[in-house]
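Engineer: Sharing target.cif here; it has mmCIF, C-alpha atoms.
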data_protein
#
loop_
_atom_site.label_atom_id
_atom_site.label_comp_id
_atom_site.auth_asym_id
_atom_site.auth_seq_id
_atom_site.Cartn_x
_atom_site.Cartn_y
_atom_site.Cartn_z
CA MET A 26 -0.43 27.24 -13.50
CA ALA A 27 0.44 24.67 -16.13
CA GLU A 28 1.76 26.01 -19.38
CA PHE A 29 0.21 24.61 -22.51
CA SER A 30 -0.05 25.94 -26.01
CA THR A 31 -0.82 24.69 -29.47
CA SER A 32 -0.05 25.90 -32.95
CA ILE A 33 -1.58 24.75 -36.21
CA LYS A 34 0.11 24.70 -39.57
CA GLU A 35 -1.10 23.47 -42.93
CA LYS A 36 0.91 21.21 -45.19
CA GLY A 37 -1.20 20.84 -48.31
CA GLU A 38 -4.46 19.23 -47.27
CA VAL A 39 -3.11 18.12 -43.91
CA SER A 40 -3.41 20.17 -40.72
CA ILE A 41 -0.70 19.71 -38.15
CA ILE A 42 -1.34 20.52 -34.50
CA ASN A 43 1.82 21.03 -32.47
CA LEU A 44 1.40 20.50 -28.73
CA LYS A 45 3.63 22.19 -26.20
CA GLY A 46 3.84 21.86 -22.43
CA PHE A 47 1.37 20.22 -20.07
CA LEU A 48 -1.90 18.77 -21.32
CA ASP A 49 -4.23 18.08 -18.38
CA ALA A 50 -7.88 18.63 -17.40
CA HIS A 51 -7.19 22.36 -17.14
CA THR A 52 -5.56 22.81 -20.51
CA ALA A 53 -7.49 20.19 -22.54
CA PRO A 54 -10.18 22.74 -23.64
CA THR A 55 -7.52 24.57 -25.69
CA LEU A 56 -6.97 21.42 -27.74
CA GLU A 57 -10.72 20.77 -27.95
CA ASN A 58 -11.10 24.22 -29.51
CA ASN A 59 -8.44 23.39 -32.07
CA PHE A 60 -10.30 20.26 -33.13
CA MET A 61 -13.63 22.09 -33.28
CA GLN A 62 -12.07 24.80 -35.45
CA LEU A 63 -10.60 22.27 -37.86
CA ILE A 64 -13.82 20.28 -38.07
CA ASN A 65 -15.85 23.45 -38.64
CA SER A 66 -13.55 24.36 -41.53
CA ASN A 67 -13.94 20.84 -42.99
CA LYS A 68 -10.34 19.93 -42.27
CA PHE A 69 -10.35 16.27 -41.37
CA LYS A 70 -6.81 15.18 -42.16
CA ILE A 71 -5.04 15.90 -38.92
CA VAL A 72 -1.58 15.10 -37.60
CA VAL A 73 -0.80 15.80 -33.96
CA ASN A 74 2.89 16.38 -33.25
CA PHE A 75 3.87 15.63 -29.64
CA GLU A 76 7.51 16.68 -29.88
CA ASP A 77 7.23 19.55 -27.37
CA LEU A 78 4.66 17.95 -25.09
CA SER A 79 6.02 17.32 -21.60
CA TYR A 80 2.98 15.78 -19.94
CA ILE A 81 -0.39 14.26 -20.71
CA SER A 82 -3.18 12.97 -18.47
CA SER A 83 -6.32 11.07 -19.44
CA ALA A 84 -8.15 14.39 -19.88
CA GLY A 85 -5.82 15.05 -22.81
CA LEU A 86 -6.28 11.59 -24.27
CA GLY A 87 -10.01 12.05 -23.96
CA VAL A 88 -9.88 14.92 -26.47
CA PHE A 89 -8.65 12.57 -29.18
CA MET A 90 -11.40 10.10 -28.37
CA ALA A 91 -14.05 12.79 -28.45
CA TYR A 92 -13.38 13.84 -32.05
CA ILE A 93 -12.02 10.77 -33.81
CA GLU A 94 -15.39 9.41 -34.82
CA SER A 95 -16.70 12.50 -36.59
CA ILE A 96 -13.31 12.97 -38.24
CA ARG A 97 -13.24 9.40 -39.58
CA ASP A 98 -16.86 9.67 -40.68
CA ASN A 99 -15.63 12.47 -42.94
CA LYS A 100 -12.87 10.33 -44.46
CA GLY A 101 -10.25 11.92 -42.28
CA ASP A 102 -8.07 10.73 -39.42
CA ILE A 103 -6.00 11.86 -36.46
CA LYS A 104 -2.46 10.50 -36.63
CA PHE A 105 0.14 10.97 -33.92
CA THR A 106 3.85 11.66 -34.30
CA ASN A 107 7.05 12.46 -32.38
CA MET A 108 5.94 11.07 -29.02
CA SER A 109 8.44 10.79 -26.20
CA ASP A 110 8.68 7.37 -24.53
CA LYS A 111 6.98 8.83 -21.47
CA VAL A 112 3.95 10.03 -23.43
CA PHE A 113 3.83 6.90 -25.61
CA ASN A 114 3.75 4.69 -22.52
CA ILE A 115 0.53 6.34 -21.34
CA PHE A 116 -1.10 5.90 -24.76
CA ASP A 117 0.09 2.30 -24.80
CA LEU A 118 -1.21 1.55 -21.32
CA LEU A 119 -4.68 2.63 -22.45
CA GLY A 120 -4.60 0.65 -25.68
CA PHE A 121 -4.49 3.63 -28.03
CA PRO A 122 -2.05 2.04 -30.51
CA LEU A 123 -4.89 -0.31 -31.54
CA LEU A 124 -7.14 2.57 -32.50
CA TYR A 125 -4.76 5.26 -33.70
CA GLU A 126 -1.78 5.34 -36.03
CA ILE A 127 1.38 6.49 -34.31
CA TYR A 128 4.45 7.45 -36.35
CA LYS A 129 7.92 8.48 -35.46
CA TYR A 130 8.00 11.50 -37.74
CA GLU A 131 5.53 14.05 -39.05
CA GLU A 132 6.39 13.51 -42.74
CA GLU A 133 5.62 9.81 -42.43
CA ALA A 134 2.17 10.52 -41.00
CA ILE A 135 1.42 13.10 -43.71
CA LYS A 136 2.33 10.60 -46.46
CA LYS A 137 -0.03 8.00 -44.98
CA PHE A 138 -2.96 10.24 -45.81
CA PHE A 139 -2.14 9.80 -49.45
CA GLY A 140 -1.70 6.07 -49.44
CA SER A 141 2.08 5.83 -49.58
CA MET B 29 20.77 3.62 3.40
CA GLY B 30 17.55 5.32 4.38
CA ILE B 31 16.91 9.01 4.35
CA ARG B 32 16.92 10.23 7.91
CA ASN B 33 15.53 13.73 7.67
CA LYS B 34 12.15 14.59 9.14
CA ASN B 35 10.34 15.83 6.05
CA LYS B 36 8.75 12.51 5.34
CA THR B 37 5.24 13.84 5.52
CA GLY B 38 3.61 16.75 3.79
CA GLU B 39 0.17 18.21 3.27
CA LEU B 40 -1.34 20.43 0.61
CA LYS B 41 -4.82 21.92 0.73
CA VAL B 42 -6.25 23.36 -2.48
CA LYS B 43 -9.61 24.39 -3.93
CA SER B 44 -11.22 22.04 -6.44
CA LYS B 45 -10.11 23.86 -9.57
CA THR B 46 -8.35 22.27 -12.52
CA GLU B 47 -5.89 25.17 -12.55
CA ASN B 48 -4.55 23.79 -9.25
CA LEU B 49 -3.53 20.49 -10.84
CA SER B 50 -0.07 21.82 -11.69
CA GLU B 51 0.51 22.87 -8.07
CA ILE B 52 -0.61 19.41 -6.96
CA ARG B 53 1.82 17.78 -9.41
CA ASP B 54 4.70 19.98 -8.23
CA PHE B 55 3.92 19.15 -4.61
CA VAL B 56 3.96 15.40 -5.27
CA SER B 57 7.08 15.69 -7.41
CA THR B 58 9.03 17.46 -4.64
CA TYR B 59 8.36 14.72 -2.10
CA ALA B 60 8.77 11.82 -4.49
CA LEU B 61 12.16 13.10 -5.64
CA GLN B 62 13.15 13.73 -2.03
CA ALA B 63 12.27 10.10 -1.29
CA GLY B 64 14.88 9.07 -3.87
CA ILE B 65 12.38 7.44 -6.21
CA PRO B 66 13.53 6.94 -9.84
CA MET B 67 12.24 9.54 -12.28
CA THR B 68 10.00 7.18 -14.28
CA THR B 69 8.25 6.08 -11.10
CA VAL B 70 7.99 9.69 -9.91
CA GLU B 71 6.24 10.54 -13.18
CA ASN B 72 3.81 7.64 -12.72
CA ILE B 73 2.94 8.73 -9.18
CA ILE B 74 2.39 12.33 -10.36
CA LEU B 75 0.03 11.14 -13.09
CA ALA B 76 -1.92 8.89 -10.71
CA VAL B 77 -2.42 11.77 -8.26
CA ASP B 78 -3.44 14.10 -11.11
CA GLU B 79 -6.03 11.54 -12.25
CA ALA B 80 -7.40 11.11 -8.72
CA CYS B 81 -7.73 14.88 -8.24
CA THR B 82 -9.21 15.39 -11.71
CA ASN B 83 -11.86 12.79 -10.85
CA ILE B 84 -12.60 14.60 -7.58
CA ILE B 85 -12.96 17.97 -9.32
CA LYS B 86 -15.19 16.55 -12.06
CA HIS B 87 -17.25 13.98 -10.19
CA ALA B 88 -17.15 14.62 -6.42
CA TYR B 89 -17.45 18.41 -6.76
CA LYS B 90 -19.01 18.42 -10.24
CA LEU B 91 -16.70 21.21 -11.40
CA SER B 92 -17.63 23.56 -8.55
CA ALA B 93 -14.46 25.46 -7.60
CA GLU B 94 -15.48 25.83 -3.96
CA GLY B 95 -14.66 22.31 -2.82
CA GLU B 96 -11.59 21.42 -0.85
CA ILE B 97 -8.99 18.81 -1.72
CA ILE B 98 -6.42 17.72 0.83
CA ILE B 99 -3.36 15.80 -0.31
CA LYS B 100 -1.21 14.13 2.31
CA ILE B 101 2.08 12.44 1.60
CA GLU B 102 3.89 10.01 3.81
CA TYR B 103 6.88 7.92 2.88
CA ASP B 104 9.55 5.70 4.32
CA ASP B 105 12.19 3.40 2.86
CA GLU B 106 9.63 0.95 1.58
CA LYS B 107 6.58 2.84 0.49
CA PHE B 108 5.34 6.17 -0.81
CA MET B 109 1.75 6.91 0.19
CA VAL B 110 -0.52 9.66 -1.04
CA THR B 111 -3.86 10.16 0.70
CA ILE B 112 -6.37 12.42 -1.02
CA ILE B 113 -9.43 13.64 0.83
CA ASP B 114 -12.48 15.50 -0.46
CA TYR B 115 -15.88 16.44 0.96
CA GLY B 116 -17.89 16.05 -2.23
CA LYS B 117 -20.25 13.44 -3.57
CA SER B 118 -19.10 9.94 -2.71
CA PHE B 119 -17.71 7.69 -5.32
CA GLU B 120 -18.35 4.00 -5.85
CA PRO B 121 -15.20 2.65 -7.44
CA ASP B 122 -16.57 -0.87 -7.81
CA ARG B 123 -18.86 0.45 -10.45
CA VAL B 124 -15.98 1.55 -12.65
CA PRO B 125 -14.96 -1.34 -14.87
CA LEU B 126 -11.67 -1.55 -16.72
CA PRO B 127 -12.16 0.42 -19.89
CA ASP B 128 -13.07 -1.19 -23.15
CA LEU B 129 -11.49 1.44 -25.35
CA GLN B 130 -13.46 0.51 -28.45
CA LYS B 131 -16.66 0.92 -26.50
CA TYR B 132 -15.52 4.18 -24.93
CA TYR B 133 -14.61 5.43 -28.33
CA ARG B 134 -18.08 4.70 -29.65
CA GLU B 135 -19.81 6.16 -26.64
CA HIS B 136 -17.51 9.15 -26.17
CA ARG B 137 -16.89 8.10 -22.58
CA VAL B 138 -13.53 8.98 -21.15
CA GLY B 139 -14.02 9.17 -17.39
CA GLY B 140 -12.92 5.62 -16.65
CA LEU B 141 -9.51 6.06 -18.24
CA GLY B 142 -8.17 7.96 -15.23
CA MET B 143 -9.24 5.23 -12.85
CA TYR B 144 -7.62 2.60 -15.02
CA LEU B 145 -4.38 4.61 -15.17
CA MET B 146 -4.32 5.02 -11.38
CA LYS B 147 -4.72 1.29 -10.85
CA SER B 148 -2.09 0.49 -13.47
CA LEU B 149 0.49 3.00 -12.26
CA MET B 150 0.22 2.41 -8.51
CA ASP B 151 0.62 -0.76 -6.44
CA ASP B 152 -2.57 -0.16 -4.51
CA VAL B 153 -5.54 2.18 -4.81
CA THR B 154 -8.01 2.14 -1.94
CA TYR B 155 -11.21 4.14 -1.71
CA THR B 156 -12.96 4.87 1.55
CA SER B 157 -16.20 6.82 1.55
CA ILE B 158 -18.16 8.04 4.53
CA PRO B 159 -21.27 9.37 2.76
CA GLY B 160 -22.09 12.92 3.80
CA LYS B 161 -18.71 13.32 5.48
CA TYR B 162 -15.70 12.67 3.32
CA ASN B 163 -14.11 10.51 0.66
CA GLN B 164 -10.58 9.29 0.78
CA VAL B 165 -8.39 7.65 -1.81
CA LEU B 166 -5.11 6.11 -0.82
CA LEU B 167 -2.47 5.65 -3.51
CA LEU B 168 0.41 3.40 -2.58
CA LYS B 169 3.68 2.80 -4.38
CA ASN B 170 6.24 0.35 -3.08
CA ILE B 171 9.75 1.73 -3.32
CA ARG B 172 13.16 0.37 -2.66
CA SER B 173 16.03 2.45 -1.48
CA GLY B 174 19.63 1.81 -0.58
#
Turn the structure described in the file into C-alpha cells.
Structural biologist:
Amino acid sequence: MAEFSTSIKEKGEVSIINLKGFLDAHTAPTLENNFMQLINSNKFKIVVNFEDLSYISSAGLGVFMAYIESIRDNKGDIKFTNMSDKVFNIFDLLGFPLLYEIYKYEEEAIKKFFGS
Amino acid sequence: MGIRNKNKTGELKVKSKTENLSEIRDFVSTYALQAGIPMTTVENIILAVDEACTNIIKHAYKLSAEGEIIIKIEYDDEKFMVTIIDYGKSFEPDRVPLPDLQKYYREHRVGGLGMYLMKSLMDDVTYTSIPGKYNQVLLLKNIRSG
C-alpha cells in the first residue's frame, strides 16, 4: 500500500502542511482532512510544502481545487513550495501555475502572506 | 539492440480498490524499466495508468471494491502498450472535454483532469466499450531503444 503522511506546523498566522510519500486517490482523503481541520479552526493562510512528496496524481491535485475557493473567500490562500521538477511538471501540465502561487522555498511563501 | 528475453508481456488482476493503485504502479514500473524506457517517461506511463485505473474505480465501479481490473502490458523495441479492462459501467470519452481549469475550480469538478493527463502523457489513448460486457482502454507510448 502507498505510504503517505502529512504534518502540520504553525509559523505565526501561517499553517504549513508538509506532504510525504505518495498522494493518490487512496491517500488524498488524509490531505482533505487536513484542509477541513484548518478551515474549521479558521486557519486560512496555508502553505503546502512538497519537499518530501514523491508522487502526485490528479486525485491529489483535486484536493487543492476543492478547498481553494472557500479559503480565498476568507482572505486566505494556499501557496505551494519546494516542488520537485517531476511534481511541478504535473501541476504545469494542468495549468495550476495560473491559479496558484508556487515558490521555491517555504519562507518566501510565508512572507507573501504579509505583502513583502 | 533490442531486448531479447521473453518477459515482454505481463498481466495483473486486482480488485477495484484505491489501495491497489500502488501495486498497479509497481507492476507498470517493473515492466517499463525492464523495457529500457527513460525514467521520466516511465513516471509518465505510471501516472497515466494510475489515472485510468482511478477513473475505473470511481466511475465504472462507482467506488464498489468488488469490481475487477485487468492490466495487460506488452512491449517491443518501438512501443509500450498497456491495456486496462474492467466490467463496470461503460464510459463515453468523447463527452470529456479538455479541462478549463478556471471553470473546474469554480464548479469543484476534478474528474476530467485525469483524462487530460492521460492524453497528454501518452501517445495514444483508445477507449473501446462493449456495453454490458467490458470496457477497455489502451494506452500507448512510443519508445526508442538501441
Engineer: Have a look at atom CA of A:Thr106 and atom CA of A:Asn67 and let me know their distance in Å, one decimal.
Structural biologist: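 The value is 21.8 Å.
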Engineer: Within 7 Å of A:Ser30, counting only C-alpha atoms, which residues qualify if same-chain residues fewer than 3 places away don't, as a PyMOL selection string?
Structural biologist: chain A and resi 44-46
Engineer: Quick check, in Å to one decimal: how far apart do atom CA of B:Val70 and atom CA of B:Ser57 lie?
Structural biologist: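 It comes out at 6.6 Å.
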Engineer: Smallest atom-to-atom distance to A:Phe69: which of A:His51, A:Ile81, A:Val88, A:Lys100, using only C-alpha atoms?
Structural biologist: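 Between A:His51, A:Ile81, A:Val88, A:Lys100, the residue approaching A:Phe69 most closely is A:Lys100.
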Engineer: What lies within 12 Å of A:Asp102 using all atoms listed in the file, ignoring chain neighbours under 4 positions off, as a CSV table (one decimal) with C-alpha atoms, in the frame of the given file?
Structural biologist:
chain,number,residue,atom,x,y,z
A,39,VAL,CA,-3.1,18.1,-43.9
A,40,SER,CA,-3.4,20.2,-40.7
A,41,ILE,CA,-0.7,19.7,-38.2
A,60,PHE,CA,-10.3,20.3,-33.1
A,63,LEU,CA,-10.6,22.3,-37.9
A,64,ILE,CA,-13.8,20.3,-38.1
A,68,LYS,CA,-10.3,19.9,-42.3
A,69,PHE,CA,-10.4,16.3,-41.4
A,70,LYS,CA,-6.8,15.2,-42.2
A,71,ILE,CA,-5.0,15.9,-38.9
A,72,VAL,CA,-1.6,15.1,-37.6
A,73,VAL,CA,-0.8,15.8,-34.0
A,89,PHE,CA,-8.6,12.6,-29.2
A,90,MET,CA,-11.4,10.1,-28.4
A,92,TYR,CA,-13.4,13.8,-32.0
A,93,ILE,CA,-12.0,10.8,-33.8
A,94,GLU,CA,-15.4,9.4,-34.8
A,95,SER,CA,-16.7,12.5,-36.6
A,96,ILE,CA,-13.3,13.0,-38.2
A,97,ARG,CA,-13.2,9.4,-39.6
A,98,ASP,CA,-16.9,9.7,-40.7
A,124,LEU,CA,-7.1,2.6,-32.5
A,125,TYR,CA,-4.8,5.3,-33.7
A,126,GLU,CA,-1.8,5.3,-36.0
A,127,ILE,CA,1.4,6.5,-34.3
A,134,ALA,CA,2.2,10.5,-41.0
A,135,ILE,CA,1.4,13.1,-43.7
A,137,LYS,CA,0.0,8.0,-45.0
A,138,PHE,CA,-3.0,10.2,-45.8
A,139,PHE,CA,-2.1,9.8,-49.4
Engineer: Do me a favour and pick out the residues of chain A within 7 Å of chain B, using all atoms listed in the file, as a list in words.
Structural biologist: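 Close to chain B, chain A has Met26, Ala27, Ala50, His51, Ser82, Ser83, Gly87, Met90, Ala91 and Gly120 of chain A.
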Engineer: Could you check how far atom CA of B:Tyr89 sits from atom CA of B:Thr156, in Å to one decimal?
Structural biologist: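 Separating atom CA of B:Tyr89 from atom CA of B:Thr156 is a distance of 16.5 Å.
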Engineer: Got a sec: who's within 7 Å of B:Ile97, counting all atoms listed in the file, leaving out chain neighbours fewer than 6 positions off, as a list of chain:residue names?
Structural biologist: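 The filter keeps B:Lys41, B:Val42, B:Lys43, B:Ser44, B:Ile112, B:Ile113, B:Asp114.
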Engineer: Could you state which residues are captured by the PyMOL selection byres ((chain A and resi 109) around 9) in this file, as an mmCIF file with C-alpha atoms, in the frame of the given file?
Structural biologist:
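In the end it all went to selection-v3.cif:
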data_model
loop_
_atom_site.group_PDB
_atom_site.id
_atom_site.type_symbol
_atom_site.label_atom_id
_atom_site.label_comp_id
_atom_site.auth_asym_id
_atom_site.auth_seq_id
_atom_site.Cartn_x
_atom_site.Cartn_y
_atom_site.Cartn_z
ATOM 1 C CA PHE A 75 3.870 15.630 -29.640
ATOM 2 C CA GLU A 76 7.510 16.680 -29.880
ATOM 3 C CA ASP A 77 7.230 19.550 -27.370
ATOM 4 C CA LEU A 78 4.660 17.950 -25.090
ATOM 5 C CA SER A 79 6.020 17.320 -21.600
ATOM 6 C CA ASN A 107 7.050 12.460 -32.380
ATOM 7 C CA MET A 108 5.940 11.070 -29.020
ATOM 8 C CA ASP A 110 8.680 7.370 -24.530
ATOM 9 C CA LYS A 111 6.980 8.830 -21.470
ATOM 10 C CA VAL A 112 3.950 10.030 -23.430
ATOM 11 C CA PHE A 113 3.830 6.900 -25.610
ATOM 12 C CA ASN A 114 3.750 4.690 -22.520
#
Engineer: Would you mind listing what lies within 7 Å of B:Ile101 as a PyMOL selection string, with all atoms listed in the file counted and same-chain residues fewer than 5 positions away left out?
Structural biologist: chain B and resi 37-39+109-111
Engineer: Next, write the just-selected residues to a file, as a CSV table (one decimal), in the coordinates of the input, keeping C-alpha atoms as the atom set.
Structural biologist:
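Writing done, so here's part.csv:
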chain,number,residue,atom,x,y,z
B,37,THR,CA,5.2,13.8,5.5
B,38,GLY,CA,3.6,16.8,3.8
B,39,GLU,CA,0.2,18.2,3.3
B,109,MET,CA,1.8,6.9,0.2
B,110,VAL,CA,-0.5,9.7,-1.0
B,111,THR,CA,-3.9,10.2,0.7
Engineer: To test your reading of the syntax: which residues would the PyMOL selection byres ((chain A and resi 31) around 8) return for the file shown? Reply as a list in words.
Structural biologist: Phe29, Ser30, Ser32, Ile33, Ile42, Asn43, Leu44, Lys45, Thr55 and Leu56 of chain A
Engineer: Draw an axis-aligned box tight on the listed atoms of stretch 92-100 of chain B, then pad every side by 5 Å and write out centre and edge lengths in Å to one decimal as lines of an AutoDock Vina configuration file.
Structural biologist:
center_x = -9.4
center_y = 20.0
center_z = -3.1
size_x = 26.4
size_y = 21.7
size_z = 20.9
Engineer: From the set A:Gly140, A:Leu119, A:Gly37, A:Glu131, which residue has the shortest atom-to-atom contact distance to B:Lys147, counting all atoms listed in the file?
Structural biologist: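 Of A:Gly140, A:Leu119, A:Gly37, A:Glu131, the one nearest B:Lys147 is A:Leu119, counting all atoms listed in the file.
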Engineer: Would you output stretch 121-141 of chain A from that structure, restricted to N, CA and C atoms, as a CSV table (one decimal), in the first residue's frame?
Structural biologist:
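File out36.csv, as written:
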chain,number,residue,atom,x,y,z
A,121,PHE,N,-2.0,24.7,-13.4
A,121,PHE,CA,-2.1,25.2,-12.0
A,121,PHE,C,-1.3,26.5,-11.7
A,122,PRO,N,-0.1,26.7,-12.4
A,122,PRO,CA,0.6,27.9,-12.1
A,122,PRO,C,-0.2,29.2,-12.4
A,123,LEU,N,-1.2,29.1,-13.2
A,123,LEU,CA,-2.1,30.3,-13.4
A,123,LEU,C,-3.0,30.6,-12.3
A,124,LEU,N,-3.3,29.6,-11.5
A,124,LEU,CA,-4.3,29.8,-10.4
A,124,LEU,C,-3.7,29.8,-9.0
A,125,TYR,N,-2.5,29.3,-8.9
A,125,TYR,CA,-1.8,29.1,-7.6
A,125,TYR,C,-0.4,29.7,-7.6
A,126,GLU,N,0.0,30.3,-6.5
A,126,GLU,CA,1.4,30.8,-6.4
A,126,GLU,C,2.3,29.6,-5.9
A,127,ILE,N,3.3,29.5,-6.7
A,127,ILE,CA,4.3,28.4,-6.4
A,127,ILE,C,5.7,29.0,-6.1
A,128,TYR,N,6.2,28.8,-5.0
A,128,TYR,CA,7.5,29.3,-4.6
A,128,TYR,C,8.5,28.2,-4.4
A,129,LYS,N,9.8,28.7,-4.5
A,129,LYS,CA,10.9,27.7,-4.3
A,129,LYS,C,11.0,27.3,-2.9
A,130,TYR,N,10.9,28.3,-2.0
A,130,TYR,CA,11.1,28.0,-0.6
A,130,TYR,C,9.9,28.4,0.3
A,131,GLU,N,9.8,27.7,1.4
A,131,GLU,CA,8.7,27.9,2.4
A,131,GLU,C,8.7,29.4,2.9
A,132,GLU,N,9.9,29.9,3.3
A,132,GLU,CA,9.9,31.3,3.9
A,132,GLU,C,9.4,32.3,2.9
A,133,GLU,N,9.7,32.1,1.6
A,133,GLU,CA,9.2,33.0,0.6
A,133,GLU,C,7.7,33.1,0.5
A,134,ALA,N,7.1,31.9,0.6
A,134,ALA,CA,5.6,31.8,0.5
A,134,ALA,C,5.0,32.4,1.8
A,135,ILE,N,5.6,32.2,2.9
A,135,ILE,CA,5.1,32.7,4.2
A,135,ILE,C,5.1,34.3,4.1
A,136,LYS,N,6.2,34.8,3.6
A,136,LYS,CA,6.3,36.3,3.5
A,136,LYS,C,5.3,36.9,2.6
A,137,LYS,N,4.9,36.2,1.6
A,137,LYS,CA,3.9,36.7,0.6
A,137,LYS,C,2.5,36.9,1.3
A,138,PHE,N,2.3,36.2,2.4
A,138,PHE,CA,1.0,36.5,3.1
A,138,PHE,C,1.0,37.8,3.7
A,139,PHE,N,2.2,38.4,3.9
A,139,PHE,CA,2.2,39.7,4.6
A,139,PHE,C,2.7,40.8,3.7
A,140,GLY,N,2.5,40.6,2.4
A,140,GLY,CA,2.7,41.6,1.4
A,140,GLY,C,4.2,42.0,1.2
A,141,SER,N,5.1,41.2,1.5
A,141,SER,CA,6.5,41.5,1.2
A,141,SER,C,7.1,40.5,0.2
